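Structure data (mmCIF, C-alpha atoms) from my_file10.cif:
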data_final
loop_
_atom_site.label_atom_id
_atom_site.label_comp_id
_atom_site.auth_asym_id
_atom_site.auth_seq_id
_atom_site.Cartn_x
_atom_site.Cartn_y
_atom_site.Cartn_z
CA MET S 1 14.67 18.35 -7.14
CA SER S 2 12.28 15.65 -8.36
CA LEU S 3 8.53 15.97 -7.93
CA LEU S 4 8.57 13.00 -5.57
CA GLN S 5 11.16 14.60 -3.30
CA GLU S 6 9.19 17.86 -3.34
CA TRP S 7 6.05 15.92 -2.33
CA ARG S 8 7.82 14.08 0.46
CA ASP S 9 9.44 17.26 1.81
CA PHE S 10 6.06 19.02 1.70
CA ALA S 11 3.92 16.19 3.08
CA TYR S 12 6.16 14.89 5.81
CA ALA S 13 6.81 18.38 7.15
CA ASN S 14 3.25 18.08 8.50
CA ASP S 15 3.38 16.50 11.94
CA MET S 16 0.52 14.00 12.40
CA ASN S 17 0.28 14.99 16.07
CA SER S 18 -0.41 18.66 15.35
CA ARG S 19 -3.84 19.97 14.42
CA GLN S 20 -2.46 21.38 11.18
CA GLY S 21 -0.86 18.05 10.30
CA GLN S 22 -4.05 16.13 11.03
CA MET S 23 -6.02 18.51 8.81
CA PHE S 24 -3.45 18.19 6.02
CA TRP S 25 -3.50 14.38 6.06
CA ALA S 26 -7.30 14.20 6.36
CA ASN S 27 -7.54 16.43 3.28
CA TYR S 28 -4.96 14.36 1.41
CA PHE S 29 -6.72 11.08 2.26
CA ASN S 30 -9.99 12.52 0.89
CA ILE S 31 -8.23 13.51 -2.33
CA GLU S 32 -6.66 10.05 -2.54
CA LYS S 33 -10.05 8.42 -1.96
CA GLU S 34 -11.61 10.41 -4.82
CA ILE S 35 -8.80 9.38 -7.17
CA TYR S 36 -9.23 5.70 -6.27
CA GLN S 37 -13.00 5.91 -6.67
CA LYS S 38 -12.59 7.23 -10.20
CA LEU S 39 -9.82 4.73 -11.00
CA LEU S 40 -11.75 1.71 -9.67
CA ALA S 41 -15.06 2.79 -11.20
CA ASN S 42 -13.46 2.64 -14.67
CA PRO S 43 -11.44 -0.60 -14.58
CA ASP S 44 -11.37 -0.98 -18.38
CA LYS S 45 -10.08 2.53 -19.04
CA VAL S 46 -6.38 2.83 -19.84
CA TRP S 47 -5.03 5.62 -17.63
CA GLU S 48 -1.82 6.80 -19.26
CA GLY S 49 -0.21 10.13 -19.95
CA THR S 50 2.07 12.70 -18.41
CA VAL S 51 1.92 13.26 -14.69
CA GLU S 52 0.50 16.73 -15.29
CA LYS S 53 -2.16 15.47 -17.73
CA LEU S 54 -3.34 12.73 -15.38
CA ALA S 55 -3.44 15.13 -12.44
CA LYS S 56 -5.79 17.33 -14.47
CA GLU S 57 -7.83 14.31 -15.59
CA PHE S 58 -8.32 13.35 -11.93
CA ASP S 59 -9.01 17.03 -11.07
CA THR S 60 -6.15 17.08 -8.55
CA GLU S 61 -3.27 19.42 -7.84
CA LEU S 62 0.02 18.10 -9.20
CA LYS S 63 1.68 17.77 -5.78
CA TYR S 64 -1.20 15.66 -4.41
CA PHE S 65 -1.25 13.50 -7.51
CA VAL S 66 2.46 12.84 -7.03
CA GLY S 67 1.63 11.65 -3.50
CA PHE S 68 -0.98 9.31 -4.99
CA LEU S 69 1.58 7.97 -7.50
CA ASP S 70 4.00 7.34 -4.64
CA GLY S 71 1.37 5.27 -2.84
CA VAL S 72 0.03 3.29 -5.80
CA ASN S 73 3.35 2.51 -7.52
CA ASP S 74 3.87 -0.87 -5.79
CA SER S 75 0.44 -2.04 -6.99
CA LEU S 76 0.93 -1.26 -10.67
CA VAL S 77 1.51 -3.83 -13.40
CA THR S 78 4.64 -1.87 -14.34
CA ALA S 79 6.10 0.53 -11.78
CA ASN S 80 6.51 4.14 -12.87
CA PRO S 81 9.88 5.93 -12.62
CA ILE S 82 8.66 8.01 -9.70
CA GLU S 83 12.06 8.71 -8.16
CA ASP S 84 13.08 11.12 -10.92
CA MET S 85 9.81 12.06 -12.62
CA ASP S 86 8.83 15.55 -13.59
CA LYS S 87 5.47 16.91 -14.77
CA ASP S 88 6.15 15.68 -18.32
CA THR S 89 7.08 12.10 -17.37
CA GLU S 90 4.82 9.51 -19.02
CA VAL S 91 3.15 7.24 -16.46
CA SER S 92 0.62 4.43 -16.52
CA LEU S 93 -1.95 3.56 -13.85
CA ALA S 94 -2.54 -0.01 -15.05
CA TYR S 95 -2.97 -1.77 -11.72
CA ASP S 96 -3.17 -5.34 -10.49
CA LYS S 97 -6.49 -5.31 -8.61
CA GLU S 98 -5.58 -8.07 -6.15
CA LYS S 99 -2.18 -6.57 -5.42
CA LEU S 100 -3.76 -3.14 -4.98
CA TYR S 101 -6.36 -4.45 -2.53
CA TYR S 102 -3.69 -6.44 -0.65
CA ASN S 103 -1.44 -3.36 -0.38
CA MET S 104 -4.34 -1.19 0.82
CA VAL S 105 -4.99 -3.67 3.61
CA GLY S 106 -1.28 -3.67 4.44
CA ALA S 107 -1.33 0.12 4.69
CA ASN S 108 -4.37 -0.06 7.02
CA ALA S 109 -6.17 2.19 4.53
CA ASP S 110 -9.70 1.09 5.41
CA TRP S 111 -11.12 4.18 3.70
CA LEU S 112 -9.75 2.67 0.47
CA TYR S 113 -10.17 -1.08 0.76
CA ASN S 114 -13.77 -0.59 1.94
CA LEU S 115 -14.78 1.46 -1.11
CA GLU S 116 -17.97 0.14 -2.72
CA GLU S 117 -16.20 0.15 -6.12
CA TRP S 118 -14.43 -3.03 -5.05
CA ASP S 119 -17.77 -4.91 -5.19
CA SER S 120 -17.63 -5.07 -8.98
CA LEU S 121 -13.90 -5.86 -9.14
CA LEU S 122 -13.39 -8.63 -6.58
CA THR S 123 -15.84 -10.99 -4.92
CA SER S 124 -16.32 -10.52 -1.21
CA GLU S 125 -14.84 -14.00 -0.69
CA ARG S 126 -11.67 -13.04 -2.58
CA ARG S 127 -11.41 -9.78 -0.65
CA LYS S 128 -11.68 -11.72 2.62
CA GLU S 129 -8.96 -14.13 1.44
CA LEU S 130 -6.65 -11.26 0.47
CA TYR S 131 -7.36 -9.49 3.76
CA LYS S 132 -6.55 -12.60 5.78
CA GLU S 133 -3.47 -13.33 3.67
CA GLN S 134 -2.13 -9.80 4.19
CA LYS S 135 -2.81 -9.79 7.94
CA ASN S 136 -1.19 -13.23 8.35
CA SER S 137 1.88 -12.09 6.42
CA THR S 138 2.73 -9.68 9.23
CA THR S 139 2.04 -12.13 12.05
CA ILE S 140 5.15 -13.45 13.72
CA VAL S 141 4.96 -17.14 14.54
CA LYS S 142 7.47 -18.37 17.09
CA GLU S 143 8.54 -21.96 16.76
CA LYS S 144 8.09 -24.19 19.76
CA LYS S 145 11.20 -24.05 21.94
CA ILE S 146 13.01 -27.34 22.33
CA GLY S 147 13.23 -28.33 25.99
CA ARG S 148 16.51 -29.63 27.46
CA ASN S 149 15.02 -33.07 28.07
CA ASP S 150 13.13 -33.32 24.74
CA PRO S 151 14.40 -35.72 22.07
CA CYS S 152 16.95 -34.00 19.85
CA PRO S 153 15.41 -32.84 16.53
CA CYS S 154 18.45 -34.18 14.64
CA GLY S 155 17.03 -37.70 15.08
CA SER S 156 19.88 -39.17 17.13
CA GLY S 157 17.50 -40.45 19.80
CA LYS S 158 19.46 -38.64 22.52
CA LYS S 159 18.08 -35.92 24.75
CA TYR S 160 18.61 -32.45 23.31
CA LYS S 161 20.89 -31.45 26.23
CA LYS S 162 23.19 -34.43 25.53
CA CYS S 163 23.33 -33.89 21.76
CA CYS S 164 22.90 -30.70 19.73
CA GLY S 165 21.94 -28.57 22.72
CA PHE S 166 25.08 -29.22 24.74
CA ASN S 167 26.13 -25.56 24.46
CA ALA S 168 22.64 -24.15 24.85
#

Please re-express this file's structure in structure tokens.
Amino acid sequence: MSLLQEWRDFAYANDMNSRQGQMFWANYFNIEKEIYQKLLANPDKVWEGTVEKLAKEFDTELKYFVGFLDGVNDSLVTANPIEDMDKDTEVSLAYDKEKLYYNMVGANADWLYNLEEWDSLLTSERRKELYKEQKNSTTIVKEKKIGRNDPCPCGSGKKYKKCCGFNA
């Protein structure tokens, strides 16, 4: 079984509605926050190595670090082969800062996108733009419904009900 599958089986066995599950996820989110703080505080550092080596470098248990890799993978310059990685798989944490911020907003991870480390990476204006862009990307906009007696949008000049909307 891959490390990722082990992590998912372990993590998602914890029900968010139970006290134990809430404690597990609160602990994990604190671990995740510490990893991101270290990662963002050193933007010029190249974070590469085996999964096990990087887990030690971030002072994190392997299983929790695998959870972090699962979450950050979509924000990396080059995605890691997380589906079948083991402790000796070489990974890179080279991230796209705008994509990472955008994805954090999308995940509603305010404990991450509000980290003070972002101040030196992205201007507050750019962070606001990315925030708005992400929130608007999930907003459903319904087109105005064409009324029966409105002019047909095909440009015929007829009423919609007498033209394209005859079966509507």

Q | Length of the CA of Asn149 (chain S) to CA of Lys161 (chain S) vector [Å] | A |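 About the pair CA of Asn149 (chain S) and CA of Lys161 (chain S): they are 6.4 Å apart.
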
(Q) Can you spell out as a VMD selection string the set of residues that the PyMOL selection byres ((chain S and resi 51-63) around 10) selects in the structure I just provided? (A) chain S and resid 3 to 4 6 to 8 10 to 11 31 to 32 34 to 36 38 to 39 47 to 50 64 to 69 82 85 to 93

Q: Carefully work through the PyMOL selection byres ((chain S and resi 106-120) around 7) for this structure and note down the residues it includes, as a ChimeraX atom specification.
A: /S:33,37,40-41,101-105,121-123,134

Any chance you could work out the axis-aligned box around region 89-103 of chain S, listed atoms only, 8 Å on each side, giving centre and edge lengths in Å to one decimal, as JSON?
{"center_x": 0.3, "center_y": 2.0, "center_z": -9.7, "size_x": 29.6, "size_y": 36.2, "size_z": 34.6}

Q) CA of Glu143 (chain S) to CA of Gly155 (chain S): how many Å, to one decimal? A)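 Distance reported for this atom pair: 18.0 Å.
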
**Q.** Atom pair CA of Cys164 (chain S) / CA of Cys152 (chain S): separation (Å)
**A.**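 Between CA of Cys164 (chain S) and CA of Cys152 (chain S) the gap is 6.8 Å.
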
Q: Return the single residue from S:Val77, S:Lys162, S:Asp96, S:Gln20 that is closest to Pro43 (chain S), with distances computed using all atoms listed in the file.
A: S:Asp96

Q) Which is closest to Leu130 (chain S) among S:Gln22, S:Asn27, S:Glu83, S:Glu98, if we use all atoms listed in the file? A)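 The answer is S:Glu98, which sits nearest to Leu130 (chain S).
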
Target residues per the PyMOL selection byres ((chain S and resi 146) around 12), formatted as a JSON list (two decimals) with C-alpha atoms, keeping the file's coordinate frame:
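Result file result-v9.json:
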[["chain", "number", "residue", "atom", "x", "y", "z"],
["S", 142, "LYS", "CA", 7.47, -18.37, 17.09],
["S", 143, "GLU", "CA", 8.54, -21.96, 16.76],
["S", 144, "LYS", "CA", 8.09, -24.19, 19.76],
["S", 145, "LYS", "CA", 11.20, -24.05, 21.94],
["S", 147, "GLY", "CA", 13.23, -28.33, 25.99],
["S", 148, "ARG", "CA", 16.51, -29.63, 27.46],
["S", 149, "ASN", "CA", 15.02, -33.07, 28.07],
["S", 150, "ASP", "CA", 13.13, -33.32, 24.74],
["S", 151, "PRO", "CA", 14.40, -35.72, 22.07],
["S", 152, "CYS", "CA", 16.95, -34.00, 19.85],
["S", 153, "PRO", "CA", 15.41, -32.84, 16.53],
["S", 154, "CYS", "CA", 18.45, -34.18, 14.64],
["S", 159, "LYS", "CA", 18.08, -35.92, 24.75],
["S", 160, "TYR", "CA", 18.61, -32.45, 23.31],
["S", 161, "LYS", "CA", 20.89, -31.45, 26.23],
["S", 164, "CYS", "CA", 22.90, -30.70, 19.73],
["S", 165, "GLY", "CA", 21.94, -28.57, 22.72],
["S", 168, "ALA", "CA", 22.64, -24.15, 24.85]]
